[in-house]
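J.: Okay, so here is my_file24.txt, and as you'll see once you scroll down, it has compact mmCIF, C-alpha atoms.
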```txt
# COMPACT_ATOMS: atom_id res chain seq x y z
CA MET I 368 26.57 -49.51 67.52
CA ASP I 369 27.64 -45.89 68.07
CA VAL I 370 25.46 -43.40 66.16
CA GLY I 371 26.30 -39.71 66.02
CA ALA I 372 25.24 -36.60 64.13
CA PHE I 373 27.55 -35.06 61.53
CA ILE I 374 27.11 -31.28 61.56
CA LEU I 375 28.41 -29.08 58.75
CA ALA I 376 26.66 -25.80 59.59
CA ALA I 377 25.64 -25.82 55.94
CA GLN I 378 24.36 -22.55 54.48
CA PHE I 379 21.50 -23.34 52.10
CA PRO I 380 20.43 -20.87 49.39
CA GLY I 381 18.57 -17.91 50.83
CA GLN I 382 19.83 -18.47 54.36
CA GLY I 383 22.08 -16.31 56.50
CA GLN I 384 25.20 -17.63 58.15
CA GLU I 385 23.85 -17.10 61.67
CA GLU I 386 20.86 -19.26 60.75
CA ALA I 387 23.16 -22.09 59.65
CA LEU I 388 25.20 -21.87 62.85
CA HIS I 389 22.10 -21.78 65.05
CA ARG I 390 20.77 -24.91 63.35
CA ALA I 391 24.13 -26.60 63.95
CA VAL I 392 24.10 -25.85 67.67
CA ARG I 393 20.45 -26.84 68.04
CA SER I 394 21.13 -30.14 66.24
CA ALA I 395 23.89 -30.94 68.71
CA GLU I 396 21.75 -30.13 71.73
CA LEU I 397 18.94 -32.34 70.43
CA SER I 398 21.40 -35.12 69.66
CA GLU I 399 22.18 -35.38 73.36
CA GLU I 400 18.52 -35.09 74.38
CA THR I 401 17.43 -37.88 72.04
CA GLY I 402 20.15 -40.36 73.02
CA LEU I 403 22.67 -40.16 70.19
CA ASP I 404 26.22 -41.11 71.11
CA ALA I 405 28.24 -38.33 69.50
CA VAL I 406 28.30 -35.11 67.53
CA TRP I 407 30.91 -34.52 64.83
CA VAL I 408 31.54 -30.96 63.63
CA ALA I 409 33.21 -29.89 60.39
CA GLU I 410 35.24 -26.82 59.49
CA HIS I 411 35.50 -24.93 56.21
CA HIS I 412 36.83 -21.55 55.13
CA PHE I 413 35.37 -18.96 52.77
CA VAL I 414 32.57 -21.18 51.38
CA PRO I 415 28.86 -21.64 52.19
CA TYR I 416 29.30 -25.43 52.04
CA GLY I 417 29.89 -25.05 55.79
CA VAL I 418 30.21 -21.78 57.69
CA CYS I 419 32.06 -23.03 60.78
CA PRO I 420 35.73 -21.98 60.36
CA SER I 421 36.99 -23.65 63.56
CA ALA I 422 35.77 -27.10 64.50
CA VAL I 423 37.57 -27.01 67.86
CA THR I 424 35.89 -23.72 68.79
CA LEU I 425 32.43 -25.06 68.00
CA ALA I 426 33.32 -28.31 69.78
CA ALA I 427 34.22 -26.31 72.89
CA LEU I 428 30.84 -24.58 72.83
CA LEU I 429 29.01 -27.89 72.38
CA LEU I 430 30.95 -29.57 75.18
CA GLY I 431 29.84 -26.73 77.43
CA ARG I 432 26.22 -27.09 76.34
CA THR I 433 26.12 -30.87 76.89
CA ARG I 434 26.96 -33.32 79.68
CA ARG I 435 27.02 -36.84 78.24
CA ILE I 436 27.53 -36.93 74.49
CA GLY I 437 30.90 -37.26 72.79
CA VAL I 438 32.01 -34.34 70.62
CA GLY I 439 34.55 -34.66 67.83
CA THR I 440 35.98 -32.65 64.95
CA ALA I 441 35.39 -33.99 61.47
CA VAL I 442 37.82 -32.62 60.78
CA SER I 443 40.33 -30.05 61.91
CA VAL I 444 42.48 -29.32 58.85
CA LEU I 445 46.14 -29.79 59.75
CA PRO I 446 47.82 -28.02 56.79
CA THR I 447 46.25 -24.71 57.87
CA ALA I 448 46.86 -25.16 61.60
CA HIS I 449 49.95 -25.36 63.81
CA PRO I 450 50.01 -28.85 65.36
CA VAL I 451 51.15 -27.50 68.73
CA ALA I 452 48.34 -24.95 68.91
CA LEU I 453 45.83 -27.62 67.92
CA GLY I 454 47.33 -30.05 70.42
CA GLU I 455 47.03 -27.49 73.23
CA GLN I 456 43.37 -26.91 72.37
CA ALA I 457 42.67 -30.64 72.18
CA ALA I 458 44.31 -31.30 75.54
CA LEU I 459 42.32 -28.47 77.11
CA LEU I 460 39.01 -29.82 75.80
CA HIS I 461 39.93 -33.37 76.77
CA LEU I 462 40.67 -32.42 80.37
CA LEU I 463 37.75 -30.06 80.90
CA SER I 464 35.19 -32.40 79.31
CA GLY I 465 36.22 -35.51 81.21
CA GLY I 466 37.45 -37.25 78.07
CA ARG I 467 34.43 -36.57 75.84
CA PHE I 468 36.44 -34.88 73.07
CA THR I 469 37.83 -36.60 69.96
CA LEU I 470 40.21 -34.80 67.61
CA GLY I 471 39.60 -35.67 63.99
CA VAL I 472 42.25 -34.38 61.57
CA GLY I 473 42.69 -34.39 57.81
CA ARG I 474 44.61 -32.91 54.87
CA GLY I 475 41.76 -30.83 53.51
CA GLY I 476 42.20 -29.79 49.89
CA PRO I 477 44.42 -27.64 47.65
CA TRP I 478 42.29 -24.60 48.40
CA VAL I 479 43.04 -20.91 48.70
CA ASP I 480 43.03 -21.45 52.48
CA LEU I 481 46.69 -22.45 52.13
CA GLU I 482 47.49 -19.01 50.73
CA VAL I 483 45.42 -17.06 53.22
CA PHE I 484 46.93 -18.80 56.27
CA GLY I 485 50.44 -18.74 54.83
CA SER I 486 51.11 -22.47 54.97
CA GLY I 487 51.51 -22.95 51.22
CA LEU I 488 50.82 -25.84 48.89
CA GLY I 489 53.70 -27.88 50.31
CA ALA I 490 51.88 -28.20 53.63
CA TYR I 491 49.07 -29.96 51.76
CA GLU I 492 51.15 -32.03 49.33
CA ARG I 493 54.04 -33.11 51.58
CA GLY I 494 53.59 -31.79 55.09
CA PHE I 495 50.71 -33.83 56.52
CA PRO I 496 52.85 -36.68 58.00
CA GLU I 497 55.16 -34.21 59.74
CA SER I 498 52.23 -32.26 61.16
CA LEU I 499 50.46 -35.41 62.34
CA ASP I 500 53.56 -36.80 64.04
CA LEU I 501 54.22 -33.52 65.85
CA LEU I 502 50.60 -33.38 67.00
CA LEU I 503 50.75 -36.94 68.35
CA ARG I 504 54.00 -36.26 70.20
CA TRP I 505 52.47 -33.16 71.78
CA LEU I 506 49.52 -35.18 73.05
CA ARG I 507 51.68 -38.00 74.43
CA GLU I 508 54.95 -36.55 75.74
CA PRO I 509 55.82 -34.14 78.60
CA ARG I 510 58.33 -32.10 76.58
CA VAL I 511 58.50 -31.64 72.81
CA GLY I 512 60.92 -30.07 70.34
CA ALA I 513 60.98 -30.21 66.55
CA ASP I 514 63.59 -30.25 63.78
CA GLY I 515 61.54 -30.86 60.66
CA GLU I 516 61.09 -29.34 57.23
CA ARG I 517 58.12 -27.22 58.30
CA PHE I 518 58.40 -27.03 62.10
CA ALA I 519 61.61 -26.41 64.03
CA PHE I 520 61.76 -25.19 67.61
CA ARG I 521 63.60 -25.79 70.87
CA GLU I 522 62.19 -28.28 73.38
CA VAL I 523 59.37 -26.85 75.46
CA THR I 524 57.12 -28.12 78.23
CA VAL I 525 53.67 -29.40 77.26
CA VAL I 526 50.98 -27.44 79.11
CA PRO I 527 48.32 -28.55 79.76
CA ARG I 528 49.28 -32.19 79.80
CA SER I 529 46.41 -34.31 78.52
CA ASP I 530 47.56 -37.18 80.77
CA ASP I 531 47.49 -35.04 83.91
CA VAL I 532 45.67 -36.55 86.88
CA PRO I 533 42.63 -34.47 87.92
CA ALA I 534 42.37 -33.21 91.49
CA GLY I 535 40.78 -35.81 93.74
CA GLN I 536 41.61 -38.76 91.47
CA ALA I 537 44.13 -41.24 92.77
CA VAL I 538 47.29 -41.72 90.75
CA GLY I 539 47.09 -44.99 88.86
CA THR I 540 43.32 -44.88 88.37
CA PRO I 541 42.55 -46.14 84.84
CA ARG I 542 41.51 -43.30 82.54
CA VAL I 543 41.83 -42.07 78.97
CA ILE I 544 45.25 -40.42 79.05
CA ALA I 545 44.97 -38.36 75.87
CA PRO I 546 42.31 -37.23 73.42
CA GLN I 547 41.41 -39.83 70.85
CA VAL I 548 42.76 -38.89 67.42
CA ILE I 549 41.10 -40.04 64.21
CA VAL I 550 42.28 -39.41 60.63
CA ALA I 551 40.09 -38.62 57.62
CA CYS I 552 41.28 -41.01 54.91
CA THR I 553 40.56 -40.33 51.23
CA SER I 554 43.53 -42.03 49.56
CA PRO I 555 45.65 -45.18 50.00
CA SER I 556 48.53 -43.05 51.30
CA SER I 557 46.41 -41.55 54.09
CA VAL I 558 45.06 -45.01 54.95
CA ARG I 559 48.60 -46.35 55.33
CA LEU I 560 49.63 -43.28 57.33
CA ALA I 561 46.82 -43.83 59.83
CA ALA I 562 47.48 -47.56 60.01
CA GLU I 563 51.21 -47.18 60.63
CA ARG I 564 50.52 -44.81 63.50
CA GLY I 565 47.80 -46.98 64.99
CA LEU I 566 45.03 -44.43 64.41
CA PRO I 567 41.42 -45.10 63.40
CA MET I 568 39.91 -43.70 60.20
CA LEU I 569 37.02 -41.43 59.34
CA LEU I 570 35.64 -42.46 55.94
CA GLY I 571 33.62 -40.06 53.79
CA MET I 572 29.94 -40.12 52.92
CA HIS I 573 30.63 -40.41 49.19
CA CYS I 574 31.86 -44.01 49.65
CA GLY I 575 29.67 -47.11 49.54
CA ASP I 576 29.97 -50.21 51.70
CA GLU I 577 32.13 -52.15 49.25
CA GLU I 578 34.69 -49.37 48.94
CA LYS I 579 34.77 -48.82 52.70
CA ALA I 580 35.30 -52.54 53.29
CA GLU I 581 38.28 -52.46 50.92
CA VAL I 582 39.73 -49.43 52.72
CA VAL I 583 39.36 -51.17 56.09
CA GLY I 584 41.13 -54.20 54.63
CA LEU I 585 44.03 -52.05 53.42
CA TRP I 586 44.24 -50.33 56.80
CA ARG I 587 44.35 -53.66 58.64
CA LYS I 588 47.01 -55.08 56.31
CA SER I 589 49.13 -51.93 56.62
CA ALA I 590 48.84 -51.83 60.42
CA LEU I 591 49.99 -55.43 60.75
CA ALA I 592 52.83 -54.84 58.28
CA ALA I 593 53.95 -51.87 60.40
CA GLY I 594 54.36 -54.18 63.39
CA ARG I 595 51.09 -53.46 65.21
CA SER I 596 49.92 -56.46 67.20
CA PRO I 597 46.68 -58.23 66.18
CA GLU I 598 45.17 -57.20 69.51
CA GLU I 599 45.99 -53.52 68.95
CA VAL I 600 44.70 -53.68 65.38
CA GLU I 601 41.36 -55.05 66.55
CA ALA I 602 41.06 -52.46 69.32
CA VAL I 603 41.82 -49.53 67.02
CA ALA I 604 39.64 -50.89 64.19
CA ALA I 605 36.66 -50.74 66.54
CA ARG I 606 37.04 -46.94 66.52
CA HIS I 607 36.73 -46.39 62.75
CA VAL I 608 33.90 -44.00 61.85
CA SER I 609 31.73 -44.06 58.72
CA ALA I 610 30.26 -40.72 57.62
CA GLY I 611 26.88 -40.72 55.92
CA VAL I 612 23.49 -39.06 55.60
CA ALA I 613 20.35 -39.85 57.59
CA GLN I 614 16.87 -38.68 56.73
CA ILE I 615 13.93 -40.27 58.53
CA ALA I 616 10.38 -40.25 57.18
CA ASP I 617 7.43 -42.62 57.10
CA ASP I 618 8.72 -44.16 53.87
CA ARG I 619 11.73 -43.96 51.59
CA PRO I 620 10.19 -41.83 48.79
CA ALA I 621 9.21 -39.13 51.28
CA ALA I 622 12.67 -39.08 52.89
CA ALA I 623 14.48 -39.03 49.54
CA GLU I 624 12.25 -36.23 48.27
CA VAL I 625 13.32 -34.00 51.16
CA LEU I 626 16.99 -34.44 50.30
CA THR I 627 16.76 -34.33 46.51
CA LYS I 628 14.81 -31.07 46.71
CA ALA I 629 17.06 -29.29 49.22
CA MET I 630 20.58 -30.64 48.85
CA PRO I 631 21.40 -29.86 45.18
CA GLY I 632 21.09 -26.10 45.69
CA TRP I 633 23.35 -26.23 48.74
CA LEU I 634 25.84 -28.53 47.01
CA ARG I 635 25.94 -26.37 43.88
CA GLN I 636 26.67 -23.08 45.63
CA GLY I 637 28.93 -24.70 48.22
CA LEU I 638 31.12 -26.70 45.88
CA GLU I 639 31.35 -23.96 43.25
CA ALA I 640 32.72 -21.56 45.87
CA HIS I 641 35.89 -23.63 46.43
CA VAL I 642 38.93 -21.94 44.84
CA THR I 643 42.21 -23.81 44.29
CA VAL I 644 45.38 -22.15 45.51
CA ASP I 645 47.32 -22.81 42.29
CA GLY I 646 44.57 -22.48 39.69
CA ARG I 647 44.42 -26.21 38.98
CA GLU I 648 41.28 -27.40 37.25
CA ARG I 649 38.84 -29.27 39.44
CA ARG I 650 35.81 -31.31 38.53
CA MET I 651 32.67 -30.68 40.56
CA ARG I 652 30.18 -33.46 41.17
CA ASP I 653 26.78 -33.01 39.58
CA PRO I 654 24.71 -31.80 42.56
CA VAL I 655 21.51 -33.65 41.63
CA ALA I 656 23.29 -36.92 40.90
CA TYR I 657 25.32 -36.60 44.09
CA ALA I 658 22.20 -36.05 46.22
CA GLU I 659 20.59 -39.10 44.61
CA LEU I 660 23.74 -41.15 45.25
CA LEU I 661 23.73 -40.20 48.93
CA CYS I 662 20.11 -41.34 49.19
CA GLU I 663 21.10 -44.71 47.72
CA LEU I 664 24.14 -45.23 49.94
CA HIS I 665 22.83 -44.21 53.34
CA PRO I 666 19.93 -44.57 55.81
CA VAL I 667 17.21 -42.58 54.05
CA GLY I 668 13.66 -43.78 54.63
CA SER I 669 11.53 -45.28 57.36
CA PRO I 670 12.98 -45.99 60.83
CA ARG I 671 13.11 -49.72 60.10
CA LEU I 672 14.79 -49.20 56.72
CA CYS I 673 17.34 -46.86 58.29
CA ALA I 674 18.13 -49.26 61.12
CA ASP I 675 18.52 -52.13 58.65
CA ARG I 676 20.76 -49.98 56.44
CA LEU I 677 23.08 -49.12 59.32
CA ALA I 678 23.19 -52.75 60.46
CA ALA I 679 24.03 -53.86 56.91
CA THR I 680 26.87 -51.34 56.64
CA ALA I 681 28.27 -52.53 59.96
CA GLU I 682 28.09 -56.14 58.79
CA ARG I 683 29.73 -55.44 55.41
CA THR I 684 32.48 -53.09 56.56
CA GLY I 685 33.09 -53.95 60.21
CA ILE I 686 32.55 -50.27 61.09
CA ARG I 687 30.13 -49.76 63.95
CA ARG I 688 30.49 -46.02 64.55
CA PHE I 689 28.56 -43.57 62.38
CA ALA I 690 28.56 -39.81 61.82
CA LEU I 691 25.32 -39.03 60.00
CA LEU I 692 24.50 -35.71 58.34
CA VAL I 693 21.14 -34.69 59.81
CA GLU I 694 20.67 -31.21 58.29
CA GLY I 695 20.09 -32.27 54.68
CA SER I 696 16.69 -30.60 54.59
CA GLY I 697 18.24 -27.21 55.28
CA ASP I 698 15.30 -26.37 57.53
CA LEU I 699 15.53 -25.98 61.30
CA ALA I 700 12.17 -27.55 62.18
CA ALA I 701 12.70 -30.45 59.77
CA THR I 702 16.23 -31.01 61.11
CA GLU I 703 14.94 -31.08 64.67
CA GLU I 704 12.33 -33.68 63.72
CA ASN I 705 14.96 -35.70 61.88
CA VAL I 706 17.25 -35.80 64.93
CA ARG I 707 14.35 -36.74 67.21
CA ARG I 708 13.31 -39.61 64.95
CA LEU I 709 16.89 -40.82 64.55
CA GLY I 710 17.34 -40.99 68.30
CA GLY I 711 13.80 -41.97 69.28
CA GLU I 712 12.82 -44.40 66.51
CA VAL I 713 15.96 -45.71 64.80
CA LEU I 714 18.32 -46.21 67.76
CA PRO I 715 15.91 -48.48 69.69
CA LEU I 716 15.76 -50.81 66.67
CA LEU I 717 19.57 -51.10 66.70
CA ARG I 718 19.78 -51.84 70.42
```
Take the structure I supplied and represent it as structure tokens, if you would.
T.:
Amino acid sequence: MDVGAFILAAQFPGQGQEEALHRAVRSAELSEETGLDAVWVAEHHFVPYGVCPSAVTLAALLLGRTRRIGVGTAVSVLPTAHPVALGEQAALLHLLSGGRFTLGVGRGGPWVDLEVFGSGLGAYERGFPESLDLLLRWLREPRVGADGERFAFREVTVVPRSDDVPAGQAVGTPRVIAPQVIVACTSPSSVRLAAERGLPMLLGMHCGDEEKAEVVGLWRKSALAAGRSPEEVEAVAARHVSAGVAQIADDRPAAAEVLTKAMPGWLRQGLEAHVTVDGRERRMRDPVAYAELLCELHPVGSPRLCADRLAATAERTGIRRFALLVEGSGDLAATEENVRRLGGEVLPLLR
């Protein structure tokens, strides 16, 4: 079982943005201290739902503040980024961290971000496969050129090479030759895209075990149909990640009360701030009902209940890696206690 913290740098009502970012960094530092396996950082633009605009930048800071824990993006949004620039950053973090960095990528949404960064709606609706393929080539090949609908450029040399051999390490020594790449999957098309390219999935916290099990089944079927060997399918499937929420207390009512009091205000102001690029109508989840749903789906309660809930999800879905939102209280001291209890009381029950 691989248990990590999912960090949004969420800005709760009445809080400043610096406060949200400080809580995010402190959560990551404590995650390493308490024995968690990974930290996953999100990125958002122009909304208080999360005030980190660059997941790779925050990941770089956290890799410098830690020594053991894995750090991943959940996710870097490809339609608003150039795949080569993102690939260069990923290779840099991979090499300097000794392979602790994982690059999570996704399509994002039809938000005004596409207008601000000049990529346009087409980058969201049609351009994700092209961007993903260019990114993967950059991470795997010594020279790369492009002749696509969105990206076209002459062949250039990849620097730094993520498969470069560090000084002092003998050539041929087994090592991770490129950053791990994981794809956020929210639709059958994105599931098939990840499967065809042999990439693991990050599945969202709004999904229950039954839905995630179905998605894993579709991914497996699609990977095999694309010609991936059963051995490769099993190896990649072991790297799927399930996002969720974790809140530890002495009993379930106390843990759920923390979240149902704090999260609706954050969800309401964060989700309402999203603006579509083309004016399309969008339906927002009811914040109270959504907070209650998250409490039902995920490890919220006593340490034993939380450990059992994670074990049950692993059994039902086959996913054994977790990215758990730990800042649902919106309070620094409460978040610190939550991380300590997750690492100190829940993890030992799983191992």
J.: Nearest to Glu455 (chain I): which of I:Ala441, I:Val526, I:Val472, I:Val483 is it, counting all atoms listed in the file?
T.: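 Ranked by minimum distance to Glu455 (chain I), first place goes to I:Val526.
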J.: Looking at only C-alpha atoms, which of I:Leu560, I:Val408, I:Val583, I:Leu691 is the one that sits closest to Ala426 (chain I)?
T.: I:Val408
J.: What lies within 12 Å of Ala452 (chain I) using all atoms listed in the file, ignoring chain neighbours under 3 positions off, as number ranges by chain?
T.: I: 423, 443, 445, 447-449, 455-459, 498, 501-502, 505-506, 525-527
J.: Can you write out the residues you just picked, keeping C-alpha atoms, as a PDB file, keeping the file's coordinate frame?
T.:
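File written: selection.pdb
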```
ATOM      1  CA  VAL I 423      37.570 -27.010  67.860  1.00  0.00           C
ATOM      2  CA  SER I 443      40.330 -30.050  61.910  1.00  0.00           C
ATOM      3  CA  LEU I 445      46.140 -29.790  59.750  1.00  0.00           C
ATOM      4  CA  THR I 447      46.250 -24.710  57.870  1.00  0.00           C
ATOM      5  CA  ALA I 448      46.860 -25.160  61.600  1.00  0.00           C
ATOM      6  CA  HIS I 449      49.950 -25.360  63.810  1.00  0.00           C
ATOM      7  CA  GLU I 455      47.030 -27.490  73.230  1.00  0.00           C
ATOM      8  CA  GLN I 456      43.370 -26.910  72.370  1.00  0.00           C
ATOM      9  CA  ALA I 457      42.670 -30.640  72.180  1.00  0.00           C
ATOM     10  CA  ALA I 458      44.310 -31.300  75.540  1.00  0.00           C
ATOM     11  CA  LEU I 459      42.320 -28.470  77.110  1.00  0.00           C
ATOM     12  CA  SER I 498      52.230 -32.260  61.160  1.00  0.00           C
ATOM     13  CA  LEU I 501      54.220 -33.520  65.850  1.00  0.00           C
ATOM     14  CA  LEU I 502      50.600 -33.380  67.000  1.00  0.00           C
ATOM     15  CA  TRP I 505      52.470 -33.160  71.780  1.00  0.00           C
ATOM     16  CA  LEU I 506      49.520 -35.180  73.050  1.00  0.00           C
ATOM     17  CA  VAL I 525      53.670 -29.400  77.260  1.00  0.00           C
ATOM     18  CA  VAL I 526      50.980 -27.440  79.110  1.00  0.00           C
ATOM     19  CA  PRO I 527      48.320 -28.550  79.760  1.00  0.00           C
TER      20      PRO I 527
END
```
J.: Using only C-alpha atoms, which protein or nucleic acid residues come within 12 Å of Asp369 (chain I)? Drop anything in the same chain fewer than 6 positions from it, and give the result as an MDAnalysis selection string.
T.: chainID I and resid 402:406 436:437 605:610 677:678 681 686:691 710 714 717:718
J.: Restricted to C-alpha atoms, what would the selected residues look like written as a PDB file, keeping the file's coordinate frame?
T.:
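The result, stored in selection-v1.pdb:
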```
ATOM      1  CA  GLY I 402      20.150 -40.360  73.020  1.00  0.00           C
ATOM      2  CA  LEU I 403      22.670 -40.160  70.190  1.00  0.00           C
ATOM      3  CA  ASP I 404      26.220 -41.110  71.110  1.00  0.00           C
ATOM      4  CA  ALA I 405      28.240 -38.330  69.500  1.00  0.00           C
ATOM      5  CA  VAL I 406      28.300 -35.110  67.530  1.00  0.00           C
ATOM      6  CA  ILE I 436      27.530 -36.930  74.490  1.00  0.00           C
ATOM      7  CA  GLY I 437      30.900 -37.260  72.790  1.00  0.00           C
ATOM      8  CA  ALA I 605      36.660 -50.740  66.540  1.00  0.00           C
ATOM      9  CA  ARG I 606      37.040 -46.940  66.520  1.00  0.00           C
ATOM     10  CA  HIS I 607      36.730 -46.390  62.750  1.00  0.00           C
ATOM     11  CA  VAL I 608      33.900 -44.000  61.850  1.00  0.00           C
ATOM     12  CA  SER I 609      31.730 -44.060  58.720  1.00  0.00           C
ATOM     13  CA  ALA I 610      30.260 -40.720  57.620  1.00  0.00           C
ATOM     14  CA  LEU I 677      23.080 -49.120  59.320  1.00  0.00           C
ATOM     15  CA  ALA I 678      23.190 -52.750  60.460  1.00  0.00           C
ATOM     16  CA  ALA I 681      28.270 -52.530  59.960  1.00  0.00           C
ATOM     17  CA  ILE I 686      32.550 -50.270  61.090  1.00  0.00           C
ATOM     18  CA  ARG I 687      30.130 -49.760  63.950  1.00  0.00           C
ATOM     19  CA  ARG I 688      30.490 -46.020  64.550  1.00  0.00           C
ATOM     20  CA  PHE I 689      28.560 -43.570  62.380  1.00  0.00           C
ATOM     21  CA  ALA I 690      28.560 -39.810  61.820  1.00  0.00           C
ATOM     22  CA  LEU I 691      25.320 -39.030  60.000  1.00  0.00           C
ATOM     23  CA  GLY I 710      17.340 -40.990  68.300  1.00  0.00           C
ATOM     24  CA  LEU I 714      18.320 -46.210  67.760  1.00  0.00           C
ATOM     25  CA  LEU I 717      19.570 -51.100  66.700  1.00  0.00           C
ATOM     26  CA  ARG I 718      19.780 -51.840  70.420  1.00  0.00           C
TER      27      ARG I 718
END
```
J.: Name the residues within 8 Å of (43.5, -38.3, 57.0), counting all atoms listed in the file in the file's coordinates, and put them as a VMD selection string.
T.: chain I and resid 472 to 474 549 to 553 557 to 558 560 to 561 568 to 569
J.: Next, the residues of the selection above should be written as a short mmCIF file (atom, residue, chain, number, x, y, z; two decimals), in the frame of the given file with C-alpha atoms.
T.:
```cif
data_model
loop_
_atom_site.label_atom_id
_atom_site.label_comp_id
_atom_site.auth_asym_id
_atom_site.auth_seq_id
_atom_site.Cartn_x
_atom_site.Cartn_y
_atom_site.Cartn_z
CA VAL I 472 42.25 -34.38 61.57
CA GLY I 473 42.69 -34.39 57.81
CA ARG I 474 44.61 -32.91 54.87
CA ILE I 549 41.10 -40.04 64.21
CA VAL I 550 42.28 -39.41 60.63
CA ALA I 551 40.09 -38.62 57.62
CA CYS I 552 41.28 -41.01 54.91
CA THR I 553 40.56 -40.33 51.23
CA SER I 557 46.41 -41.55 54.09
CA VAL I 558 45.06 -45.01 54.95
CA LEU I 560 49.63 -43.28 57.33
CA ALA I 561 46.82 -43.83 59.83
CA MET I 568 39.91 -43.70 60.20
CA LEU I 569 37.02 -41.43 59.34
#
```
J.: For the atom pair CA of Gly439 (chain I) and CA of Phe468 (chain I), what is the interatomic distance in Å to one decimal place?
T.: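 CA of Phe468 (chain I) lies 5.6 Å from CA of Gly439 (chain I).
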J.: Could you pull region 699-716 of chain I out of the block above and give me N, CA and C atoms, as a PDB file, in the first residue's frame?
T.:
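What landed in part_4.pdb:
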```
ATOM      1  N   LEU I 699      -4.612  25.121   9.869  1.00  0.00           N
ATOM      2  CA  LEU I 699      -3.246  24.618   9.867  1.00  0.00           C
ATOM      3  C   LEU I 699      -3.011  23.600  10.975  1.00  0.00           C
ATOM      4  N   ALA I 700      -3.372  23.940  12.210  1.00  0.00           N
ATOM      5  CA  ALA I 700      -3.119  23.031  13.327  1.00  0.00           C
ATOM      6  C   ALA I 700      -3.884  21.722  13.150  1.00  0.00           C
ATOM      7  N   ALA I 701      -5.134  21.807  12.706  1.00  0.00           N
ATOM      8  CA  ALA I 701      -5.928  20.601  12.503  1.00  0.00           C
ATOM      9  C   ALA I 701      -5.379  19.761  11.358  1.00  0.00           C
ATOM     10  N   THR I 702      -4.862  20.413  10.315  1.00  0.00           N
ATOM     11  CA  THR I 702      -4.261  19.687   9.198  1.00  0.00           C
ATOM     12  C   THR I 702      -2.991  18.978   9.644  1.00  0.00           C
ATOM     13  N   GLU I 703      -2.182  19.654  10.441  1.00  0.00           N
ATOM     14  CA  GLU I 703      -0.968  19.028  10.959  1.00  0.00           C
ATOM     15  C   GLU I 703      -1.309  17.790  11.784  1.00  0.00           C
ATOM     16  N   GLU I 704      -2.316  17.890  12.647  1.00  0.00           N
ATOM     17  CA  GLU I 704      -2.715  16.730  13.438  1.00  0.00           C
ATOM     18  C   GLU I 704      -3.237  15.609  12.553  1.00  0.00           C
ATOM     19  N   ASN I 705      -3.983  15.973  11.520  1.00  0.00           N
ATOM     20  CA  ASN I 705      -4.530  14.983  10.603  1.00  0.00           C
ATOM     21  C   ASN I 705      -3.420  14.206   9.900  1.00  0.00           C
ATOM     22  N   VAL I 706      -2.395  14.914   9.431  1.00  0.00           N
ATOM     23  CA  VAL I 706      -1.273  14.256   8.751  1.00  0.00           C
ATOM     24  C   VAL I 706      -0.526  13.349   9.730  1.00  0.00           C
ATOM     25  N   ARG I 707      -0.304  13.837  10.944  1.00  0.00           N
ATOM     26  CA  ARG I 707       0.402  13.023  11.938  1.00  0.00           C
ATOM     27  C   ARG I 707      -0.370  11.745  12.251  1.00  0.00           C
ATOM     28  N   ARG I 708      -1.673  11.841  12.374  1.00  0.00           N
ATOM     29  CA  ARG I 708      -2.465  10.647  12.694  1.00  0.00           C
ATOM     30  C   ARG I 708      -2.545   9.700  11.500  1.00  0.00           C
ATOM     31  N   LEU I 709      -2.591  10.256  10.289  1.00  0.00           N
ATOM     32  CA  LEU I 709      -2.597   9.403   9.101  1.00  0.00           C
ATOM     33  C   LEU I 709      -1.317   8.589   9.020  1.00  0.00           C
ATOM     34  N   GLY I 710      -0.184   9.261   9.232  1.00  0.00           N
ATOM     35  CA  GLY I 710       1.087   8.552   9.173  1.00  0.00           C
ATOM     36  C   GLY I 710       1.379   7.712  10.387  1.00  0.00           C
ATOM     37  N   GLY I 711       1.015   8.204  11.568  1.00  0.00           N
ATOM     38  CA  GLY I 711       1.388   7.532  12.812  1.00  0.00           C
ATOM     39  C   GLY I 711       0.421   6.486  13.307  1.00  0.00           C
ATOM     40  N   GLU I 712      -0.875   6.592  12.919  1.00  0.00           N
ATOM     41  CA  GLU I 712      -1.876   5.665  13.432  1.00  0.00           C
ATOM     42  C   GLU I 712      -2.545   4.809  12.362  1.00  0.00           C
ATOM     43  N   VAL I 713      -2.705   5.345  11.149  1.00  0.00           N
ATOM     44  CA  VAL I 713      -3.365   4.581  10.097  1.00  0.00           C
ATOM     45  C   VAL I 713      -2.372   3.698   9.349  1.00  0.00           C
ATOM     46  N   LEU I 714      -1.238   4.259   8.937  1.00  0.00           N
ATOM     47  CA  LEU I 714      -0.261   3.480   8.169  1.00  0.00           C
ATOM     48  C   LEU I 714       0.171   2.195   8.875  1.00  0.00           C
ATOM     49  N   PRO I 715       0.477   2.227  10.192  1.00  0.00           N
ATOM     50  CA  PRO I 715       0.889   0.982  10.841  1.00  0.00           C
ATOM     51  C   PRO I 715      -0.164  -0.120  10.751  1.00  0.00           C
ATOM     52  N   LEU I 716      -1.429   0.245  10.706  1.00  0.00           N
ATOM     53  CA  LEU I 716      -2.494  -0.760  10.600  1.00  0.00           C
ATOM     54  C   LEU I 716      -2.541  -1.381   9.211  1.00  0.00           C
TER      55      LEU I 716
END
```
